[in-house]
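Report on the structure given below.
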Amino acid sequence: MLKTLPLLVCLGAGIVGGVFFAFSTFVMKALADGPSPHGIATMQRINVSVLGPLFLGVFVGTAVLAGICVFAGFFPWGETKSLLLFAAGLLYLVGTFGVTVAFNVPRNDRLAHMNPESADAATYWPRYVREWLFWNHVRTVAAIGAVACAAAALTY
């Protein structure tokens, strides 16, 4: 189990981190560069589509595995592999999953209730992009950190 666990966390966090990296580096820029109503409507559709079973399964499944990593990190505490598993689990759970739930999802929910053509949406859109991107950068770095720790744990 302790051979498979870091591999699965490495793969899951890598997939999720890659998706977040794409949003941080070019998807949100493309959405923000066009007319606000188009960017808003597209982001609203993305936020519905992302809830499909494949991405959500990897995203939540990796969180479950990350939780197991945190517990596995205590046995035996102090060994390099244990500390790497603990760090991988914590980075993903807090920095990727937790940030998503606490910061990105509330912004997505607020955007979801807006008419893309409204003045309120046009006013909110630049703020949404700025704040959403900040937290997306955080969860991207956390996912990549989880990958690095899980990959390093594979060598022990």
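Here's how to read the names in the structure tokens: chain A, B, ... by the order shown, residue numbers from 1 in each chain, ligand numbers from 1 in the order shown.
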Please identify all polymer residues within 8 Å of stretch 111-113 of chain A, counting only C-alpha atoms, omitting same-chain residues fewer than 4 positions from it, and present them as a CSV table (one decimal) with N, CA and C atoms, in the first residue's frame.
chain,number,residue,atom,x,y,z
A,40,ILE,N,-17.5,35.7,-19.1
A,40,ILE,CA,-18.3,35.3,-18.0
A,40,ILE,C,-19.1,34.0,-18.4
A,44,GLN,N,-18.9,30.4,-16.7
A,44,GLN,CA,-20.0,29.7,-16.1
A,44,GLN,C,-20.2,28.3,-16.6
A,107,ARG,N,-16.4,32.1,-5.3
A,107,ARG,CA,-16.4,33.0,-6.4
A,107,ARG,C,-17.1,32.5,-7.6
A,121,ALA,N,-22.4,42.0,-13.5
A,121,ALA,CA,-21.4,41.0,-13.9
A,121,ALA,C,-20.2,41.7,-14.5
A,128,TYR,N,-13.3,39.2,-10.1
A,128,TYR,CA,-13.4,37.7,-10.1
A,128,TYR,C,-12.1,37.2,-10.7
Next on the checklist: Would you pick out the contacts of A:Asn136 at 12 Å or less, using only C-alpha atoms, so that residues sharing its chain but fewer than 4 positions from it are not included, and give the list as an MDAnalysis selection string?
Outcome noted: chainID A and resid 16:25 27:28 95:105 107 128:132 140:143
Could you please take those selected residues and save C-alpha atoms as an mmCIF file, in the first residue's frame?
data_model
loop_
_atom_site.group_PDB
_atom_site.id
_atom_site.type_symbol
_atom_site.label_atom_id
_atom_site.label_comp_id
_atom_site.auth_asym_id
_atom_site.auth_seq_id
_atom_site.Cartn_x
_atom_site.Cartn_y
_atom_site.Cartn_z
ATOM 1 C CA VAL A 16 -5.203 18.360 -11.028
ATOM 2 C CA GLY A 17 -2.143 20.602 -10.856
ATOM 3 C CA GLY A 18 -1.846 20.466 -14.638
ATOM 4 C CA VAL A 19 -5.438 21.596 -15.081
ATOM 5 C CA PHE A 20 -4.918 24.442 -12.612
ATOM 6 C CA PHE A 21 -1.607 25.361 -14.291
ATOM 7 C CA ALA A 22 -3.395 25.662 -17.650
ATOM 8 C CA PHE A 23 -5.949 28.032 -16.122
ATOM 9 C CA SER A 24 -3.205 30.097 -14.477
ATOM 10 C CA THR A 25 -1.073 30.413 -17.585
ATOM 11 C CA VAL A 27 -7.155 29.927 -20.029
ATOM 12 C CA MET A 28 -8.089 32.813 -17.728
ATOM 13 C CA GLY A 95 -3.359 23.942 -0.410
ATOM 14 C CA THR A 96 -5.284 22.396 -3.283
ATOM 15 C CA PHE A 97 -8.582 20.954 -2.057
ATOM 16 C CA GLY A 98 -9.055 23.358 0.860
ATOM 17 C CA VAL A 99 -8.212 26.466 -1.159
ATOM 18 C CA THR A 100 -10.624 25.359 -3.884
ATOM 19 C CA VAL A 101 -13.483 24.918 -1.434
ATOM 20 C CA ALA A 102 -12.746 28.047 0.605
ATOM 21 C CA PHE A 103 -11.801 30.524 -2.119
ATOM 22 C CA ASN A 104 -12.460 29.434 -5.711
ATOM 23 C CA VAL A 105 -15.862 27.781 -5.301
ATOM 24 C CA ARG A 107 -16.373 33.033 -6.387
ATOM 25 C CA TYR A 128 -13.366 37.739 -10.123
ATOM 26 C CA VAL A 129 -10.520 37.100 -12.558
ATOM 27 C CA ARG A 130 -7.922 38.758 -10.276
ATOM 28 C CA GLU A 131 -9.029 37.031 -7.056
ATOM 29 C CA TRP A 132 -9.817 33.675 -8.653
ATOM 30 C CA THR A 140 -1.426 25.094 -8.467
ATOM 31 C CA VAL A 141 1.776 25.503 -6.453
ATOM 32 C CA ALA A 142 0.350 23.316 -3.674
ATOM 33 C CA ALA A 143 -0.565 20.549 -6.139
#
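With atom CA of A:Gly61 on one side and atom CA of A:Pro76 on the other, the separation reads 24.5 Å.
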Next on the checklist: Show me, as an NGL selection string, the residues that have an atom within 12 Å of A:Gly89 when counting only C-alpha atoms, minus same-chain residues fewer than 3 positions from it.
Outcome noted: :A and (5-6 or 8-10 or 12-13 or 62-74 or 82-86 or 92-98 or 142-150 or 153)
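Reported to one decimal place, the separation of atom CA of A:Phe55 from atom CA of A:Met114 is 24.6 Å.
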Next on the checklist: Please report the interatomic distance between atom CA of A:Gly34 and atom CA of A:Ser49 in Å with one decimal.
Outcome noted: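 That distance, rounded to one decimal, is 20.6 Å.
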Checklist entry - Counting only C-alpha atoms, which of A:Trp125, A:His137, A:Leu31, A:Ala87 gets nearest to A:Ile46? => result A:Leu31
